[in-house]
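Student: Compact mmCIF, C-alpha atoms, saved as entry_39.txt, coming up:
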# COMPACT_ATOMS: atom_id res chain seq x y z
CA MET A 1 -40.55 12.49 -21.06
CA SER A 2 -42.76 11.55 -18.09
CA LYS A 3 -41.64 12.01 -14.48
CA MET A 4 -41.38 8.22 -14.05
CA GLU A 5 -39.28 7.86 -17.23
CA SER A 6 -37.04 10.69 -16.06
CA GLN A 7 -36.49 9.04 -12.69
CA GLY A 8 -35.78 5.71 -14.38
CA SER A 9 -33.27 7.28 -16.73
CA GLN A 10 -31.58 9.01 -13.80
CA ALA A 11 -31.37 5.74 -11.86
CA GLU A 12 -29.85 3.97 -14.88
CA GLY A 13 -27.28 6.72 -15.18
CA GLN A 14 -26.33 6.38 -11.52
CA GLU A 15 -26.04 2.59 -11.91
CA GLY A 16 -23.84 3.14 -14.94
CA GLU A 17 -21.59 5.50 -12.99
CA HIS A 18 -21.39 2.96 -10.14
CA ALA A 19 -20.53 0.12 -12.55
CA GLU A 20 -17.82 2.22 -14.19
CA ALA A 21 -16.35 3.12 -10.79
CA VAL A 22 -16.23 -0.54 -9.77
CA ARG A 23 -14.65 -1.53 -13.08
CA THR A 24 -11.83 1.01 -12.75
CA GLY A 25 -11.40 0.47 -9.02
CA TRP A 26 -11.09 -2.66 -6.92
CA THR A 27 -12.20 -4.91 -9.81
CA GLU A 28 -9.29 -3.67 -11.93
CA LEU A 29 -6.85 -4.16 -9.05
CA GLN A 30 -8.11 -7.70 -8.50
CA ARG A 31 -7.64 -8.43 -12.19
CA GLN A 32 -4.04 -7.20 -12.09
CA LEU A 33 -3.21 -9.25 -8.98
CA TRP A 34 -4.85 -12.28 -10.61
CA GLU A 35 -2.75 -11.90 -13.76
CA LEU A 36 0.45 -11.61 -11.73
CA GLY A 37 -0.57 -14.78 -9.85
CA VAL A 38 -0.35 -16.90 -12.99
CA VAL A 39 3.00 -18.15 -11.68
CA PHE A 40 1.19 -19.86 -8.78
CA ARG A 41 -1.52 -21.39 -10.94
CA GLN A 42 0.80 -22.70 -13.65
CA ARG A 43 3.15 -24.32 -11.15
CA LYS A 44 0.26 -25.37 -8.88
CA HIS A 45 2.45 -24.24 -6.03
CA VAL A 46 2.54 -21.26 -3.66
CA PRO A 47 6.01 -20.78 -2.14
CA ARG A 48 6.44 -20.66 1.62
CA VAL A 49 7.58 -17.14 2.41
CA SER A 50 9.03 -15.89 5.70
CA GLU A 51 7.47 -12.64 6.88
CA PRO A 52 9.37 -10.92 9.70
CA CYS A 53 7.72 -7.53 10.42
CA ALA A 54 4.72 -8.90 8.50
CA GLY A 55 2.20 -6.10 9.05
CA LEU A 56 -0.88 -6.66 6.88
CA SER A 57 1.01 -9.17 4.72
CA PRO A 58 0.65 -7.93 1.14
CA TRP A 59 1.98 -11.38 0.21
CA LYS A 60 -1.13 -12.98 1.70
CA THR A 61 -3.42 -10.53 -0.12
CA TRP A 62 -1.71 -11.30 -3.44
CA VAL A 63 -1.99 -15.05 -2.92
CA GLU A 64 -5.65 -14.80 -1.90
CA GLU A 65 -6.53 -12.78 -5.00
CA SER A 66 -4.49 -15.10 -7.25
CA VAL A 67 -5.42 -18.62 -6.26
CA SER A 68 -8.83 -18.52 -4.57
CA CYS A 69 -11.10 -21.37 -5.68
CA HIS A 70 -8.10 -23.47 -6.75
CA GLN A 71 -8.45 -26.59 -4.64
CA ASP A 72 -5.23 -28.13 -5.94
CA LEU A 73 -3.10 -25.47 -4.23
CA PRO A 74 -1.90 -25.95 -0.63
CA GLY A 75 -3.11 -24.04 2.41
CA THR A 76 -6.04 -21.71 2.99
CA CYS A 77 -6.40 -19.88 -0.34
CA GLY A 78 -2.87 -21.10 -1.03
CA HIS A 79 -1.25 -19.07 1.77
CA VAL A 80 0.48 -20.77 4.68
CA ALA A 81 1.90 -18.53 7.39
CA THR A 82 5.63 -19.22 7.66
CA ASN A 83 7.87 -17.43 10.16
CA VAL A 84 5.26 -14.66 10.51
CA TYR A 85 6.28 -12.19 13.23
CA ASP A 86 5.27 -8.65 14.12
CA PHE A 87 5.90 -6.63 17.28
CA ASP A 88 2.70 -4.54 16.99
CA LYS A 89 0.12 -5.95 19.42
CA GLN A 90 -2.69 -4.10 17.59
CA LEU A 91 -2.27 -6.62 14.77
CA GLN A 92 -3.33 -9.52 17.01
CA PRO A 93 -7.09 -9.35 16.24
CA TYR A 94 -6.29 -9.09 12.52
CA TRP A 95 -4.02 -12.13 12.36
CA SER A 96 -6.25 -14.20 14.63
CA GLN A 97 -9.07 -13.84 12.09
CA ILE A 98 -7.12 -14.26 8.84
CA GLY A 99 -4.67 -16.86 10.15
CA SER A 100 -3.67 -19.71 7.86
CA GLY A 101 -1.04 -21.06 10.20
CA VAL A 102 0.70 -19.66 13.24
CA ALA A 103 1.41 -15.93 13.36
CA HIS A 104 3.52 -14.59 16.23
CA VAL A 105 2.19 -11.12 17.04
CA GLY A 106 2.78 -8.73 19.93
CA PRO A 107 5.74 -7.70 22.13
CA GLN A 108 6.02 -11.13 23.75
CA LYS A 109 5.64 -13.46 20.76
CA GLY A 110 6.40 -11.16 17.85
CA ASP A 111 9.82 -9.76 18.78
CA ILE A 112 12.14 -11.10 16.06
CA GLU A 113 15.20 -10.15 18.11
CA LYS A 114 14.31 -12.98 20.50
CA VAL A 115 13.78 -15.66 17.83
CA PRO A 116 16.59 -18.28 17.62
CA LEU A 117 17.72 -18.68 14.03
CA SER A 118 17.65 -22.45 14.47
CA SER A 119 13.88 -22.30 15.11
CA LEU A 120 13.05 -20.78 11.72
CA GLU A 121 11.12 -22.92 9.28
CA ASP A 122 12.60 -23.40 5.82
CA SER A 123 11.17 -21.03 3.23
CA GLU A 124 11.73 -20.30 -0.45
CA GLY A 125 11.24 -16.56 -0.12
CA LEU A 126 11.35 -13.74 2.43
CA ILE A 127 9.44 -10.44 2.43
CA SER A 128 9.91 -7.85 5.14
CA GLY A 129 9.29 -4.19 5.88
CA PRO A 130 11.41 -3.43 8.98
CA PRO A 131 10.58 -0.22 10.90
CA CYS A 132 11.30 2.85 8.78
CA GLN A 133 11.24 5.44 11.60
CA PRO A 134 15.06 5.54 11.90
CA PHE A 135 15.24 6.85 8.31
CA SER A 136 11.85 8.41 7.52
CA PHE A 137 11.25 12.17 7.41
CA CYS A 138 8.43 11.56 9.88
CA GLY A 139 10.74 9.74 12.31
CA LEU A 140 13.75 10.77 14.37
CA ARG A 141 16.15 10.11 11.46
CA LYS A 142 18.90 8.79 13.73
CA GLY A 143 19.72 5.96 11.36
CA SER A 144 21.62 3.07 12.90
CA ALA A 145 21.78 4.97 16.22
CA ASP A 146 18.02 4.44 16.59
CA PHE A 147 17.21 1.22 18.48
CA ARG A 148 14.42 0.60 15.95
CA ALA A 149 17.06 -0.08 13.29
CA MET A 150 17.91 -3.36 15.04
CA PRO A 151 15.04 -5.35 13.43
CA PHE A 152 16.56 -4.55 10.04
CA GLU A 153 19.82 -6.16 11.11
CA VAL A 154 17.92 -9.18 12.45
CA VAL A 155 16.15 -9.62 9.12
CA ILE A 156 19.57 -9.64 7.42
CA ARG A 157 20.57 -12.48 9.75
CA TRP A 158 17.40 -14.36 8.81
CA ILE A 159 18.29 -14.06 5.12
CA ILE A 160 21.82 -15.33 5.72
CA GLU A 161 20.54 -18.24 7.84
CA LEU A 162 17.91 -19.38 5.31
CA ALA A 163 20.28 -18.87 2.38
CA SER A 164 22.96 -20.99 4.07
CA ARG A 165 20.48 -23.86 4.35
CA GLY A 166 19.98 -23.81 0.57
CA CYS A 167 16.21 -23.32 0.77
CA LEU A 168 16.00 -19.56 0.17
CA LEU A 169 15.64 -18.56 -3.49
CA TRP A 170 14.71 -14.88 -3.22
CA PHE A 171 14.08 -12.04 -0.78
CA MET A 172 12.73 -8.50 -0.79
CA LEU A 173 13.09 -5.83 1.91
CA GLU A 174 11.14 -2.55 1.84
CA ASN A 175 11.80 0.69 3.71
CA SER A 176 11.79 4.47 3.53
CA SER A 177 13.45 5.85 0.40
CA ASN A 178 15.62 7.99 2.72
CA LEU A 179 17.55 4.81 3.53
CA TYR A 180 19.12 5.17 0.09
CA ARG A 181 21.22 8.08 1.39
CA ASP A 182 22.12 6.52 4.73
CA PRO A 183 25.47 4.74 5.38
CA PHE A 184 23.46 2.02 7.14
CA LEU A 185 22.33 0.73 3.73
CA LEU A 186 25.89 0.25 2.48
CA ALA A 187 26.81 -1.58 5.69
CA MET A 188 23.86 -3.99 5.34
CA LEU A 189 24.58 -4.60 1.64
CA ALA A 190 28.24 -5.34 2.40
CA ILE A 191 27.18 -7.99 4.95
CA LEU A 192 24.69 -9.57 2.55
CA GLU A 193 27.09 -9.67 -0.39
CA ALA A 194 29.87 -11.18 1.72
CA ALA A 195 27.63 -13.83 3.31
CA CYS A 196 25.55 -14.62 0.20
CA PRO A 197 27.87 -14.39 -2.83
CA TYR A 198 25.59 -16.80 -4.71
CA PHE A 199 22.79 -14.19 -4.72
CA HIS A 200 22.34 -11.34 -7.16
CA ILE A 201 21.45 -8.37 -4.93
CA GLU A 202 20.28 -4.95 -6.03
CA VAL A 203 18.64 -1.79 -4.70
CA ARG A 204 15.71 -0.10 -6.38
CA VAL A 205 13.72 3.03 -5.47
CA ASN A 206 10.13 2.81 -6.66
CA ASN A 207 7.10 5.07 -6.25
CA CYS A 208 3.77 3.38 -5.63
CA CYS A 209 2.13 5.82 -8.06
CA GLU A 210 3.45 3.58 -10.85
CA TYR A 211 0.90 0.97 -9.74
CA ALA A 212 -1.78 2.76 -7.69
CA PRO A 213 -3.35 6.22 -7.12
CA ILE A 214 -1.03 7.06 -4.23
CA SER A 215 2.33 8.81 -4.08
CA ARG A 216 4.57 6.72 -1.82
CA GLU A 217 8.26 6.38 -2.68
CA ARG A 218 10.01 3.42 -1.09
CA ILE A 219 13.33 1.60 -1.36
CA PHE A 220 13.48 -2.12 -2.16
CA ILE A 221 16.42 -4.43 -1.61
CA ARG A 222 15.91 -7.50 -3.78
CA GLY A 223 17.93 -10.67 -3.99
CA LEU A 224 17.63 -13.68 -6.30
CA ARG A 225 19.80 -16.77 -6.19
CA ARG A 226 22.04 -16.72 -9.25
CA ASP A 227 20.95 -20.14 -10.49
CA CYS A 228 17.39 -18.76 -10.66
CA LEU A 229 18.27 -15.79 -12.87
CA PRO A 230 16.77 -15.78 -16.37
CA GLU A 231 19.23 -17.18 -18.90
CA GLY A 232 21.80 -14.58 -19.86
CA CYS A 233 20.57 -12.11 -17.22
CA ARG A 234 23.22 -10.30 -15.22
CA GLY A 235 20.80 -7.73 -13.84
CA PRO A 236 18.90 -5.66 -13.16
CA LEU A 237 16.28 -8.07 -11.88
CA PRO A 238 13.03 -8.15 -13.88
CA VAL A 239 10.09 -5.95 -12.90
CA VAL A 240 6.54 -6.37 -14.19
CA LEU A 241 5.29 -3.07 -15.61
CA LEU A 242 1.71 -1.94 -15.12
CA GLU A 243 1.19 -1.51 -18.86
CA VAL A 244 1.13 -5.30 -19.36
CA LEU A 245 -1.48 -5.90 -16.63
CA GLY A 246 -5.24 -5.64 -17.04
CA SER A 247 -6.19 -2.46 -18.87
CA GLY A 248 -2.62 -1.20 -18.59
CA GLN A 249 -3.67 1.50 -16.14
CA CYS A 250 -3.76 1.56 -12.35
CA ALA A 251 -7.01 1.34 -10.43
CA THR A 252 -8.43 4.87 -10.28
CA LEU A 253 -8.98 6.77 -7.04
CA PRO A 254 -12.61 7.58 -7.96
CA GLY A 255 -13.13 3.87 -8.54
CA LEU A 256 -11.80 2.94 -5.10
CA LEU A 257 -13.92 5.46 -3.18
CA ASN A 258 -17.36 4.88 -1.68
CA TRP A 259 -19.47 7.59 -3.33
CA SER A 260 -22.54 6.72 -1.26
CA LEU A 261 -21.06 8.15 1.96
CA PRO A 262 -22.60 11.51 2.95
CA PRO A 263 -20.69 14.81 2.72
CA MET A 264 -19.07 16.01 5.92
CA ASN A 265 -20.06 19.20 7.71
CA PRO A 266 -16.89 21.35 8.09
CA ASN A 267 -18.05 22.25 11.61
CA MET A 268 -17.19 18.69 12.64
CA LEU A 269 -13.51 19.50 12.04
CA SER A 270 -11.11 21.27 14.38
CA ILE A 271 -10.64 25.02 14.02
CA ASN A 272 -7.25 24.60 12.33
CA MET A 273 -8.53 21.96 9.93
CA ARG A 274 -11.52 24.13 8.96
CA ALA A 275 -9.15 27.01 8.22
CA ASN A 276 -6.89 24.75 6.14
CA LEU A 277 -9.90 23.33 4.29
CA LYS A 278 -10.98 26.83 3.27
CA LEU A 279 -7.51 27.59 1.95
CA TYR A 280 -7.42 24.33 -0.01
CA LYS A 281 -10.86 24.98 -1.48
CA ASP A 282 -9.74 28.39 -2.72
CA MET A 283 -6.73 26.72 -4.35
CA ILE A 284 -8.95 24.14 -6.05
CA LYS A 285 -11.29 26.83 -7.37
CA ASP A 286 -8.29 28.65 -8.84
CA MET A 287 -7.22 25.43 -10.54
CA PHE A 288 -10.63 25.07 -12.21
CA PRO A 289 -11.90 28.53 -13.25
CA ALA A 290 -15.68 28.62 -13.65
CA SER A 291 -15.44 30.46 -16.95
CA SER A 292 -13.42 27.72 -18.63
CA GLY A 293 -16.27 25.22 -18.66
CA GLU A 294 -13.97 22.63 -17.13
CA ASP A 295 -16.44 21.92 -14.33
CA GLU A 296 -18.82 20.34 -16.82
CA GLU A 297 -16.01 18.39 -18.47
CA ILE A 298 -14.93 17.03 -15.11
CA LEU A 299 -18.48 15.96 -14.24
CA GLN A 300 -18.58 14.13 -17.58
CA GLY A 301 -15.40 12.24 -16.69
CA LEU A 302 -13.08 14.18 -19.01
CA GLY A 303 -10.83 15.60 -16.28
CA PRO A 304 -9.61 15.01 -12.72
CA SER A 305 -12.67 14.31 -10.57
CA VAL A 306 -11.23 14.06 -7.04
CA ALA A 307 -8.97 16.42 -5.11
CA CYS A 308 -7.15 15.10 -2.06
CA VAL A 309 -5.56 17.34 0.59
CA GLU A 310 -3.93 16.96 4.00
CA LEU A 311 -6.06 18.93 6.45
CA ASP A 312 -3.54 18.69 9.27
CA ARG A 313 -1.08 20.80 7.24
CA ASN A 314 -1.36 24.47 6.28
CA PRO A 315 -1.04 24.78 2.47
CA LEU A 316 0.61 28.19 2.80
CA LYS A 317 3.59 26.86 4.72
CA ASP A 318 6.78 25.61 3.07
CA GLY A 319 7.07 21.89 2.66
CA CYS A 320 3.33 21.30 2.59
CA PRO A 321 2.18 18.95 -0.19
CA ASP A 322 0.14 20.43 -3.03
CA VAL A 323 -3.44 19.52 -3.87
CA ARG A 324 -3.37 16.05 -5.39
CA LEU A 325 -5.74 15.24 -8.23
CA ASP A 326 -7.08 11.67 -8.46
CA GLU A 327 -4.26 10.58 -6.15
CA VAL A 328 -3.68 10.51 -2.37
CA SER A 329 -0.61 11.47 -0.37
CA SER A 330 1.55 8.84 1.27
CA LEU A 331 -0.13 7.24 4.27
CA ARG A 332 1.54 7.25 7.69
CA THR A 333 0.94 5.35 10.92
CA SER A 334 -0.51 8.47 12.58
CA GLY A 335 -2.07 10.23 9.61
CA PRO A 336 -2.34 12.28 7.55
CA ALA A 337 -5.89 13.67 7.79
CA LEU A 338 -6.74 13.13 4.14
CA PHE A 339 -9.80 14.98 2.85
CA VAL A 340 -11.33 14.19 -0.54
CA MET A 341 -13.54 16.51 -2.59
CA SER A 342 -15.21 16.26 -5.98
CA THR A 343 -13.80 18.97 -8.26
CA GLY A 344 -16.61 19.32 -10.79
CA ASP A 345 -18.93 20.84 -8.18
CA CYS A 346 -16.28 22.57 -6.03
CA ARG A 347 -18.17 25.89 -6.06
CA LYS A 348 -21.31 24.40 -4.57
CA GLU A 349 -22.13 24.33 -0.87
CA TRP A 350 -20.63 21.32 0.90
CA ARG A 351 -24.07 19.66 1.23
CA GLN A 352 -24.44 19.62 -2.56
CA GLN A 353 -21.02 18.20 -3.39
CA LYS A 354 -20.83 14.58 -4.51
CA LEU A 355 -17.70 14.15 -2.41
CA HIS A 356 -16.76 16.22 0.62
CA ARG A 357 -15.33 14.23 3.54
CA LEU A 358 -12.35 12.55 5.14
CA LEU A 359 -10.94 9.47 3.43
CA SER A 360 -12.37 6.47 5.29
CA VAL A 361 -10.22 3.76 6.85
CA GLU A 362 -11.75 1.21 4.45
CA GLU A 363 -10.74 3.38 1.50
CA ARG A 364 -7.19 3.61 2.85
CA PHE A 365 -7.03 -0.19 2.68
CA ALA A 366 -8.30 -0.22 -0.90
CA VAL A 367 -5.80 2.46 -1.96
CA MET A 368 -3.00 0.29 -0.52
CA GLY A 369 -4.20 -2.79 -2.40
CA HIS A 370 -6.02 -4.63 0.39
CA PRO A 371 -9.74 -5.55 0.53
CA LYS A 372 -11.82 -2.95 2.38
CA ALA A 373 -13.31 -5.68 4.57
CA LYS A 374 -9.92 -6.23 6.25
CA ALA A 375 -10.25 -2.83 7.91
CA GLY A 376 -12.96 -4.35 10.09
CA LEU A 377 -10.68 -7.05 11.51
CA PHE A 378 -9.02 -4.70 14.01
CA GLY A 379 -9.93 -3.76 17.55
CA SER A 380 -10.54 -0.14 16.54
CA PRO A 381 -10.50 2.13 13.45
CA ALA A 382 -7.36 3.80 14.87
CA ALA A 383 -5.54 0.45 14.96
CA ALA A 384 -6.60 -0.31 11.39
CA LYS A 385 -5.46 3.16 10.25
CA ARG A 386 -2.10 2.67 11.91
CA ALA A 387 -1.60 -0.74 10.29
CA VAL A 388 -2.41 0.34 6.75
CA GLY A 389 -0.28 3.47 7.14
CA ASN A 390 2.63 1.17 7.91
CA GLY A 391 1.91 -1.19 5.03
CA LEU A 392 3.15 -2.09 1.57
CA HIS A 393 0.94 -2.01 -1.52
CA SER A 394 0.07 -5.54 -2.62
CA LEU A 395 0.35 -4.87 -6.38
CA GLN A 396 3.62 -2.98 -6.06
CA MET A 397 5.06 -5.85 -4.02
CA ALA A 398 3.82 -8.46 -6.48
CA ALA A 399 5.20 -6.60 -9.49
CA LEU A 400 8.62 -6.21 -7.89
Could I get this file's structure written as structure tokens?

Tutor:
Amino acid sequence: MSKMESQGSQAEGQEGEHAEAVRTGWTELQRQLWELGVVFRQRKHVPRVSEPCAGLSPWKTWVEESVSCHQDLPGTCGHVATNVYDFDKQLQPYWSQIGSGVAHVGPQKGDIEKVPLSSLEDSEGLISGPPCQPFSFCGLRKGSADFRAMPFEVVIRWIIELASRGCLLWFMLENSSNLYRDPFLLAMLAILEAACPYFHIEVRVNNCCEYAPISRERIFIRGLRRDCLPEGCRGPLPVVLLEVLGSGQCATLPGLLNWSLPPMNPNMLSINMRANLKLYKDMIKDMFPASSGEDEEILQGLGPSVACVELDRNPLKDGCPDVRLDEVSSLRTSGPALFVMSTGDCRKEWRQQKLHRLLSVEERFAVMGHPKAKAGLFGSPAAAKRAVGNGLHSLQMAAL
């Protein structure tokens, strides 16, 4: 084979790898969101949905991916902002650029505690992710004694108000899975069940890994008006399983990553992170012994191809997450420092590895089911990182 033929064959192989990554990554996720959006297209209607504590609005992402190019559906890409509020001022640039209606964002306009119930627009649904810090392991864990638990109570009032008008058909609240063990949950459920007896209400704990390459366990409180229940259904409420969507498998982490980004010099990291990285690398090498021939299998796509670790945590200490293969750890508003490495060439120098760097902000958006381009709609990468770390996966939300 001539040198030119060899280079051509190599280029074709790289294009093939890129096409395969795209197919199993964002393209697959788009396909799954599109299939779930059949309810919008068949009815030629996108419900108005209230979004207190809206964040990135996974609802908007789902609608955009489901009904784009359908001119017979209302609103911009079918989504009309309805009762959209969020206290975080760093979301202002984001909502000002994606707005399809009025979004109230920031401490002055976005504080739901100051919104009169009588001013709410009618809506068929409600989706909300109130602050989870009162219950999260990463927060103060003061429960109802934390002032940040108040927005949750306000959202409950919103549900009762909209339900009493007769317009609300369903709602879904999302929060830290630790809420499941907190008395605050029972108190909120008691209020909802007493005020909305015509709703079927249930609690479900679900891990995002069932729909995406990320481990993120959350609690969901779902309610559906009883006259909307499927015939003969007394619960639990239906859930769409991943196996009936697209290829039946979640978008892969390798498919969501940008493999064209250069490897990162470890010297660019802090001293502690460099030390942790060395420990993690030793662990990865132990997981894939050179003598087993697994390195070659991994490079051929027959085994896990990406290792993800948290560099801001020492792997030798108790409570530290293990090395994750083809999956990332749960995102947070202030971290973690996720580092991704290709496993098939883990014994090579960092310059020679296909993947050896921090997970980019754009990739964090993709992992959470939002287009990478939305990461550029914020005032800074730090603001975008905070927003996506506080978000809800679009496919998980749509399936539930």

Student: Please provide as a list in words all residues within 7 Å of A:Asn175, with the sequence filter that same-chain residues fewer than 2 positions apart are discarded (counting all atoms listed in the file).

Tutor: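 Counting all atoms listed in the file, the residues come to Gly129, Pro130, Cys132, Leu173, Ser177, Arg218, Ile219 and Phe220 of chain A.
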
Student: Enumerate, in order of chain and increasing residue number, the residues of stretch 187-279 of chain A with an atom no farther than 7 Å from stretch 157-172 of chain A, each with its shortest atom pair and distance in Å to one decimal, counting all atoms listed in the file, as CSV.

Tutor:
residue,atom,partner,partner_atom,distance
A:Ala195,CA,A:Ile160,CA,6.5
A:Cys196,CA,A:Ile160,CA,6.7
A:Phe220,CA,A:Met172,CA,6.6
A:Ile221,CA,A:Met172,CA,5.6
A:Arg222,CA,A:Met172,CA,4.5
A:Gly223,CA,A:Phe171,CA,5.2
A:Leu224,CA,A:Trp170,CA,4.4
A:Arg225,CA,A:Leu169,CA,5.3

Student: Residues as selected, C-alpha atoms, written as a PDB file, in the coordinates of the input, can you do that?

Tutor:
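As a result, again_34.pdb now contains:
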ATOM      1  CA  ALA A 195      27.630 -13.830   3.310  1.00  0.00           C
ATOM      2  CA  CYS A 196      25.550 -14.620   0.200  1.00  0.00           C
ATOM      3  CA  PHE A 220      13.480  -2.120  -2.160  1.00  0.00           C
ATOM      4  CA  ILE A 221      16.420  -4.430  -1.610  1.00  0.00           C
ATOM      5  CA  ARG A 222      15.910  -7.500  -3.780  1.00  0.00           C
ATOM      6  CA  GLY A 223      17.930 -10.670  -3.990  1.00  0.00           C
ATOM      7  CA  LEU A 224      17.630 -13.680  -6.300  1.00  0.00           C
ATOM      8  CA  ARG A 225      19.800 -16.770  -6.190  1.00  0.00           C
TER       9      ARG A 225
END

Student: Could you name the residues that touch A:Cys209 at 10 Å or less, counting all atoms listed in the file, but leaving out those on the same chain fewer than 6 positions away, as a list in words?

Tutor: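 What passes the distance filter is Ser215, Arg216, Glu217, Cys250, Glu327, Val328, Ser329, Ser330 and Gln396 of chain A.
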
Student: With C-alpha atoms retained, could you export that selection as a PDB file, in the frame of the given file?

Tutor:
ATOM      1  CA  SER A 215       2.330   8.810  -4.080  1.00  0.00           C
ATOM      2  CA  ARG A 216       4.570   6.720  -1.820  1.00  0.00           C
ATOM      3  CA  GLU A 217       8.260   6.380  -2.680  1.00  0.00           C
ATOM      4  CA  CYS A 250      -3.760   1.560 -12.350  1.00  0.00           C
ATOM      5  CA  GLU A 327      -4.260  10.580  -6.150  1.00  0.00           C
ATOM      6  CA  VAL A 328      -3.680  10.510  -2.370  1.00  0.00           C
ATOM      7  CA  SER A 329      -0.610  11.470  -0.370  1.00  0.00           C
ATOM      8  CA  SER A 330       1.550   8.840   1.270  1.00  0.00           C
ATOM      9  CA  GLN A 396       3.620  -2.980  -6.060  1.00  0.00           C
TER      10      GLN A 396
END

Student: Residues at most 12 Å from A:Lys109, counting all atoms listed in the file, excluding those fewer than 6 positions away in the same chain, as an mmCIF file with C-alpha atoms, in the coordinates of the input?

Tutor:
data_model
loop_
_atom_site.group_PDB
_atom_site.id
_atom_site.type_symbol
_atom_site.label_atom_id
_atom_site.label_comp_id
_atom_site.auth_asym_id
_atom_site.auth_seq_id
_atom_site.Cartn_x
_atom_site.Cartn_y
_atom_site.Cartn_z
ATOM 1 C CA PRO A 52 9.370 -10.920 9.700
ATOM 2 C CA ASN A 83 7.870 -17.430 10.160
ATOM 3 C CA VAL A 84 5.260 -14.660 10.510
ATOM 4 C CA TYR A 85 6.280 -12.190 13.230
ATOM 5 C CA ASP A 86 5.270 -8.650 14.120
ATOM 6 C CA PHE A 87 5.900 -6.630 17.280
ATOM 7 C CA ASP A 88 2.700 -4.540 16.990
ATOM 8 C CA LYS A 89 0.120 -5.950 19.420
ATOM 9 C CA GLN A 92 -3.330 -9.520 17.010
ATOM 10 C CA VAL A 102 0.700 -19.660 13.240
ATOM 11 C CA ALA A 103 1.410 -15.930 13.360
ATOM 12 C CA VAL A 115 13.780 -15.660 17.830
#

Student: Taking (-9.7, 7.0, 13.9) in the file's own coordinates, collect the residues within 10 Å, counting all atoms listed in the file, and hand them back as a CSV table (one decimal) with C-alpha atoms, in the frame of the given file.

Tutor:
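Result file out.csv:
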chain,number,residue,atom,x,y,z
A,334,SER,CA,-0.5,8.5,12.6
A,335,GLY,CA,-2.1,10.2,9.6
A,337,ALA,CA,-5.9,13.7,7.8
A,360,SER,CA,-12.4,6.5,5.3
A,361,VAL,CA,-10.2,3.8,6.8
A,380,SER,CA,-10.5,-0.1,16.5
A,381,PRO,CA,-10.5,2.1,13.4
A,382,ALA,CA,-7.4,3.8,14.9
A,383,ALA,CA,-5.5,0.4,15.0
A,384,ALA,CA,-6.6,-0.3,11.4
A,385,LYS,CA,-5.5,3.2,10.2
A,386,ARG,CA,-2.1,2.7,11.9

Student: Determine, using all atoms listed in the file, which residues of stretch 97-211 of chain A have any atom at most 12 Å from an atom of stretch 55-60 of chain A, and tabulate each with its shortest atom pair and distance in Å to one decimal place, rows ordered by chain and then rising number, as JSON lines.

Tutor:
{"residue": "A:Ile98", "atom": "CA", "partner": "A:Lys60", "partner_atom": "CA", "distance": 9.4}
{"residue": "A:Gly99", "atom": "CA", "partner": "A:Lys60", "partner_atom": "CA", "distance": 9.9}
{"residue": "A:Ser100", "atom": "CA", "partner": "A:Lys60", "partner_atom": "CA", "distance": 9.5}
{"residue": "A:Gly101", "atom": "CA", "partner": "A:Lys60", "partner_atom": "CA", "distance": 11.7}
{"residue": "A:Ala103", "atom": "CA", "partner": "A:Gly55", "partner_atom": "CA", "distance": 10.8}
{"residue": "A:His104", "atom": "CA", "partner": "A:Gly55", "partner_atom": "CA", "distance": 11.2}
{"residue": "A:Val105", "atom": "CA", "partner": "A:Gly55", "partner_atom": "CA", "distance": 9.4}
{"residue": "A:Gly106", "atom": "CA", "partner": "A:Gly55", "partner_atom": "CA", "distance": 11.2}
{"residue": "A:Gly110", "atom": "CA", "partner": "A:Gly55", "partner_atom": "CA", "distance": 11.0}
{"residue": "A:Gly125", "atom": "CA", "partner": "A:Trp59", "partner_atom": "CA", "distance": 10.6}
{"residue": "A:Leu126", "atom": "CA", "partner": "A:Trp59", "partner_atom": "CA", "distance": 9.9}
{"residue": "A:Ile127", "atom": "CA", "partner": "A:Trp59", "partner_atom": "CA", "distance": 7.8}
{"residue": "A:Ser128", "atom": "CA", "partner": "A:Gly55", "partner_atom": "CA", "distance": 8.8}
{"residue": "A:Gly129", "atom": "CA", "partner": "A:Gly55", "partner_atom": "CA", "distance": 8.0}
{"residue": "A:Pro130", "atom": "CA", "partner": "A:Gly55", "partner_atom": "CA", "distance": 9.6}
{"residue": "A:Pro131", "atom": "CA", "partner": "A:Gly55", "partner_atom": "CA", "distance": 10.4}
{"residue": "A:Met172", "atom": "CA", "partner": "A:Trp59", "partner_atom": "CA", "distance": 11.2}
{"residue": "A:Glu174", "atom": "CA", "partner": "A:Pro58", "partner_atom": "CA", "distance": 11.8}

Student: Can you write just those residues out, C-alpha atoms, as a short mmCIF file (atom, residue, chain, number, x, y, z; two decimals), in the frame of the given file?

Tutor:
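Wrote it out as selection_11.cif, contents follow:
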data_model
loop_
_atom_site.label_atom_id
_atom_site.label_comp_id
_atom_site.auth_asym_id
_atom_site.auth_seq_id
_atom_site.Cartn_x
_atom_site.Cartn_y
_atom_site.Cartn_z
CA ILE A 98 -7.12 -14.26 8.84
CA GLY A 99 -4.67 -16.86 10.15
CA SER A 100 -3.67 -19.71 7.86
CA GLY A 101 -1.04 -21.06 10.20
CA ALA A 103 1.41 -15.93 13.36
CA HIS A 104 3.52 -14.59 16.23
CA VAL A 105 2.19 -11.12 17.04
CA GLY A 106 2.78 -8.73 19.93
CA GLY A 110 6.40 -11.16 17.85
CA GLY A 125 11.24 -16.56 -0.12
CA LEU A 126 11.35 -13.74 2.43
CA ILE A 127 9.44 -10.44 2.43
CA SER A 128 9.91 -7.85 5.14
CA GLY A 129 9.29 -4.19 5.88
CA PRO A 130 11.41 -3.43 8.98
CA PRO A 131 10.58 -0.22 10.90
CA MET A 172 12.73 -8.50 -0.79
CA GLU A 174 11.14 -2.55 1.84
#
